[in-house]
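Visitor: Submitted below is the structure of interest, expressed as structure tokens.
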Amino acid sequence: MSEIVKKITKSRKVLHELLSTEYDISSLKLYSDNEIDKLYSIQVERNDPFVTLGNAVSCNFSVNHKILDSVKLHVFYYNFPEYKSTKSTKFNKSVIQRIIDLYESNTIGPFDNIIIILNEKITESYETIMSNLNESLKSYDFKPLNKMLKKTNFETRHFRTGFLFDIDSLQVNLLEHELVPKHEVVRSSDKIEEILEKCNCQLDELPIIKQNDAVARLILCVSGDICKITRKNLTSGYYEYYRLCR
């Protein structure tokens with residue numbers, strides 16, 4: 001059994017845990033290494049719309065949003081090598097047009113989110129590529145979505161968004177480590193206003209947590225969200241503090 005197959009198996013289990021807050025993960029099956037190996041070995045057909053994303057297409061999966069069931073999150077194992085090979089393809093700016101093509105062809109929904117998982121460490125240049133992709137995705141008419149978002153805690157900035165992970169960062173759930181305090185994402189504008197009033201400060205006066213921070217990435221923070229962090233102090237008990245995602 002290859003290490004890549006084992007890593008994909010573990011990553012699906014971790015994502016099953018991470019996505020359960022906002023997405024319906026009932027359709028995400030936790031396969032064994034042998035089952036993932038069989039999926040990985042499936043030859044990608046040339047007419048498959050996802051063929052441009054690499055060789056692990058059969059390992060990709062999608063889940064529905066819990067509140068907006070017409071919106072999905074798609075998880076793509078992007079630059080993985082051919083079955084039983086060790087040579088990965090490069091992650092470069094061509095991914096931008098490939099992803100945009102999937103949106104424009106309605107292969108994925110207009111307001112769907114995506115996670116791209118790489119078989120290598122994320123570099124600064126990769127972060128720039130992802131930032132450019134998100135900028136391109138946001139140049140879209142979000143008016144139809146605005147109608148759907150009434151009476152929810154979500155805003156348009158939370159959709160049609162891409163997140164980037166490397167496979168090694170998804171081998172364990174970092175959020176469950178005893179040294180990592182509880183992190184929660186606050187998305188609602190109303191709740192953010194309540195926090196600012198409670199702290200007697202302006203939004204830009206909060207300390208910053210970067211969107212590509214290891215923990216912010218895991219809870220799918222986007223710019224404008226607040227990350228609520230609950231720490232435990234031996235003398236004063238639990239206390240909360242807040243960071244603005246940028």
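As shown in the structure tokens, the chain order sets the letters A, B, ...; within each chain, residues go from 1, and ligands are also counted from 1 in the order they appear.
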Please return as an NGL selection string: the residues of segment 112-241 of chain A that backbone DSSP assigns to helix (DSSP H, G or I).

Guide: :A and (124-138 or 143-148 or 156-158 or 167-170 or 174-176 or 189-199 or 203-205 or 214-218)

Visitor: Just write the chosen residues, C-alpha atoms, as a PDB file, in the first residue's frame.

Guide:
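This went into result13.pdb:
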ATOM      1  CA  GLU A 124       4.380  31.533  -0.817  1.00  0.00           C
ATOM      2  CA  SER A 125       3.960  31.402  -4.590  1.00  0.00           C
ATOM      3  CA  TYR A 126       1.184  28.816  -4.177  1.00  0.00           C
ATOM      4  CA  GLU A 127      -0.581  31.123  -1.737  1.00  0.00           C
ATOM      5  CA  THR A 128      -0.354  33.893  -4.341  1.00  0.00           C
ATOM      6  CA  ILE A 129      -1.865  31.628  -7.002  1.00  0.00           C
ATOM      7  CA  MET A 130      -4.737  30.782  -4.669  1.00  0.00           C
ATOM      8  CA  SER A 131      -5.269  34.442  -3.829  1.00  0.00           C
ATOM      9  CA  ASN A 132      -5.452  35.269  -7.545  1.00  0.00           C
ATOM     10  CA  LEU A 133      -7.910  32.426  -8.089  1.00  0.00           C
ATOM     11  CA  ASN A 134     -10.179  33.728  -5.332  1.00  0.00           C
ATOM     12  CA  GLU A 135      -9.983  37.230  -6.731  1.00  0.00           C
ATOM     13  CA  SER A 136     -11.129  35.891 -10.111  1.00  0.00           C
ATOM     14  CA  LEU A 137     -13.942  33.880  -8.530  1.00  0.00           C
ATOM     15  CA  LYS A 138     -15.272  36.912  -6.663  1.00  0.00           C
ATOM     16  CA  LYS A 143     -27.319  39.105  -6.200  1.00  0.00           C
ATOM     17  CA  PRO A 144     -29.127  35.729  -6.520  1.00  0.00           C
ATOM     18  CA  LEU A 145     -27.141  34.455  -3.548  1.00  0.00           C
ATOM     19  CA  ASN A 146     -28.043  37.481  -1.442  1.00  0.00           C
ATOM     20  CA  LYS A 147     -31.697  36.465  -1.606  1.00  0.00           C
ATOM     21  CA  MET A 148     -30.818  32.966  -0.414  1.00  0.00           C
ATOM     22  CA  THR A 156     -21.598  36.343   0.048  1.00  0.00           C
ATOM     23  CA  ARG A 157     -17.904  36.408   1.015  1.00  0.00           C
ATOM     24  CA  HIS A 158     -18.314  32.908   2.434  1.00  0.00           C
ATOM     25  CA  ILE A 167      -1.988  16.531   2.362  1.00  0.00           C
ATOM     26  CA  ASP A 168       0.426  16.335   5.322  1.00  0.00           C
ATOM     27  CA  SER A 169      -1.557  18.983   7.232  1.00  0.00           C
ATOM     28  CA  LEU A 170      -4.605  16.704   7.117  1.00  0.00           C
ATOM     29  CA  LEU A 174      -4.894  19.715  14.899  1.00  0.00           C
ATOM     30  CA  LEU A 175      -7.991  21.201  16.545  1.00  0.00           C
ATOM     31  CA  GLU A 176      -8.159  18.225  18.898  1.00  0.00           C
ATOM     32  CA  SER A 189     -22.251  40.473  11.004  1.00  0.00           C
ATOM     33  CA  ASP A 190     -24.687  40.783  13.918  1.00  0.00           C
ATOM     34  CA  LYS A 191     -22.569  38.529  16.141  1.00  0.00           C
ATOM     35  CA  ILE A 192     -19.424  40.364  15.091  1.00  0.00           C
ATOM     36  CA  GLU A 193     -21.059  43.642  16.132  1.00  0.00           C
ATOM     37  CA  GLU A 194     -21.940  42.111  19.494  1.00  0.00           C
ATOM     38  CA  ILE A 195     -18.307  41.098  20.006  1.00  0.00           C
ATOM     39  CA  LEU A 196     -17.047  44.582  19.105  1.00  0.00           C
ATOM     40  CA  GLU A 197     -19.509  46.155  21.536  1.00  0.00           C
ATOM     41  CA  LYS A 198     -18.470  43.700  24.230  1.00  0.00           C
ATOM     42  CA  CYS A 199     -14.781  44.482  23.646  1.00  0.00           C
ATOM     43  CA  LEU A 203     -13.024  45.874  13.877  1.00  0.00           C
ATOM     44  CA  ASP A 204      -9.580  47.039  12.752  1.00  0.00           C
ATOM     45  CA  GLU A 205      -8.438  47.294  16.383  1.00  0.00           C
ATOM     46  CA  ALA A 214      -2.705  26.650  10.230  1.00  0.00           C
ATOM     47  CA  VAL A 215      -5.772  26.744  12.488  1.00  0.00           C
ATOM     48  CA  ALA A 216      -7.675  29.449  10.566  1.00  0.00           C
ATOM     49  CA  ARG A 217      -7.306  27.303   7.475  1.00  0.00           C
ATOM     50  CA  LEU A 218      -8.814  24.285   9.257  1.00  0.00           C
TER      51      LEU A 218
END

Visitor: Name the residues in contact with Val14 of chain A at a cut-off of 9 Å, using only C-alpha atoms, excluding same-chain residues fewer than 6 positions from it; report them as a PyMOL selection string.

Guide: chain A and resi 170-173

Visitor: Pick out the residues sitting within 9 Å of segment 53-70 of chain A, and hand them over as a PDB file with C-alpha atoms, in the first residue's frame; count only C-alpha atoms, and ignore anything fewer than 2 positions along from it in its own chain.

Guide:
ATOM      1  CA  ILE A   8      -5.643  10.244   1.363  1.00  0.00           C
ATOM      2  CA  LEU A  19     -16.469  19.881   7.850  1.00  0.00           C
ATOM      3  CA  THR A  21     -20.089  21.924  11.565  1.00  0.00           C
ATOM      4  CA  GLU A  22     -21.238  23.566   8.338  1.00  0.00           C
ATOM      5  CA  TYR A  23     -21.631  20.692   5.877  1.00  0.00           C
ATOM      6  CA  ASP A  24     -23.687  17.532   5.698  1.00  0.00           C
ATOM      7  CA  ILE A  25     -20.985  14.870   5.846  1.00  0.00           C
ATOM      8  CA  SER A  26     -23.406  11.917   5.850  1.00  0.00           C
ATOM      9  CA  SER A  27     -22.520  11.192   2.219  1.00  0.00           C
ATOM     10  CA  LEU A  28     -18.767  11.218   2.905  1.00  0.00           C
ATOM     11  CA  ILE A  36      -9.027   4.179  -1.520  1.00  0.00           C
ATOM     12  CA  LEU A  39     -10.514   4.331  -6.223  1.00  0.00           C
ATOM     13  CA  TYR A  40      -7.112   5.804  -6.980  1.00  0.00           C
ATOM     14  CA  SER A  41      -6.411   3.104  -9.564  1.00  0.00           C
ATOM     15  CA  ILE A  42      -9.481   4.012 -11.626  1.00  0.00           C
ATOM     16  CA  GLN A  43      -8.374   5.397 -14.969  1.00  0.00           C
ATOM     17  CA  VAL A  44      -9.671   8.915 -15.624  1.00  0.00           C
ATOM     18  CA  PRO A  49     -14.768  17.296 -16.706  1.00  0.00           C
ATOM     19  CA  PHE A  50     -12.384  16.895 -13.759  1.00  0.00           C
ATOM     20  CA  VAL A  51      -9.620  15.249 -15.774  1.00  0.00           C
ATOM     21  CA  LYS A  72     -21.772  22.345  -2.203  1.00  0.00           C
ATOM     22  CA  LEU A  73     -18.178  22.087  -1.089  1.00  0.00           C
ATOM     23  CA  HIS A  74     -15.951  20.193  -3.527  1.00  0.00           C
ATOM     24  CA  VAL A  75     -12.691  18.625  -2.354  1.00  0.00           C
ATOM     25  CA  PHE A  76     -10.071  18.092  -5.078  1.00  0.00           C
ATOM     26  CA  TYR A  77      -6.860  16.085  -4.723  1.00  0.00           C
ATOM     27  CA  TYR A  78      -5.113  18.219  -7.287  1.00  0.00           C
ATOM     28  CA  ASN A  79      -1.537  17.394  -8.308  1.00  0.00           C
ATOM     29  CA  PHE A  80      -1.255  13.773  -7.234  1.00  0.00           C
ATOM     30  CA  PRO A  81       0.896  11.355  -9.290  1.00  0.00           C
ATOM     31  CA  GLU A  82      -0.344   8.571 -11.516  1.00  0.00           C
ATOM     32  CA  TYR A  83      -1.290   5.369  -9.741  1.00  0.00           C
ATOM     33  CA  THR A  89       2.572  17.320 -11.308  1.00  0.00           C
ATOM     34  CA  VAL A  95      -5.117  25.957 -11.987  1.00  0.00           C
ATOM     35  CA  ARG A  98      -9.052  25.112 -14.859  1.00  0.00           C
ATOM     36  CA  ILE A  99     -11.162  25.912 -11.820  1.00  0.00           C
ATOM     37  CA  GLY A 109     -22.453  25.322  -8.921  1.00  0.00           C
ATOM     38  CA  PHE A 111     -21.676  29.630  -5.484  1.00  0.00           C
ATOM     39  CA  ASP A 112     -19.990  26.372  -4.510  1.00  0.00           C
ATOM     40  CA  ILE A 114     -13.739  24.280  -3.183  1.00  0.00           C
ATOM     41  CA  MET A 148     -30.818  32.966  -0.414  1.00  0.00           C
ATOM     42  CA  LEU A 149     -28.750  34.275   2.494  1.00  0.00           C
ATOM     43  CA  THR A 152     -28.779  33.097   7.810  1.00  0.00           C
TER      44      THR A 152
END

Visitor: Report, in Å with one decimal, the straight-line distance from atom CA of Arg160 of chain A to atom CA of Leu244 of chain A.

Guide: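 Computing the Euclidean distance for atom CA of Arg160 of chain A and atom CA of Leu244 of chain A yields 20.6 Å.
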
Visitor: Could you tell me how far atom CA of Gly162 of chain A sits from atom CA of Cys245 of chain A, in Å to one decimal place?

Guide: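 Separation of atom CA of Cys245 of chain A and atom CA of Gly162 of chain A: 15.4 Å.
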
Visitor: Hey, can you check how far atom CA of Phe163 of chain A sits from atom CA of Asn113 of chain A?

Guide: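 Separating atom CA of Phe163 of chain A from atom CA of Asn113 of chain A is a distance of 8.2 Å.
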
Visitor: When DSSP works through the backbone of this structure, what residues of segment 125-172 of chain A end up as strand (DSSP E), shown as a ChimeraX atom specification?

Guide: /A:162-166
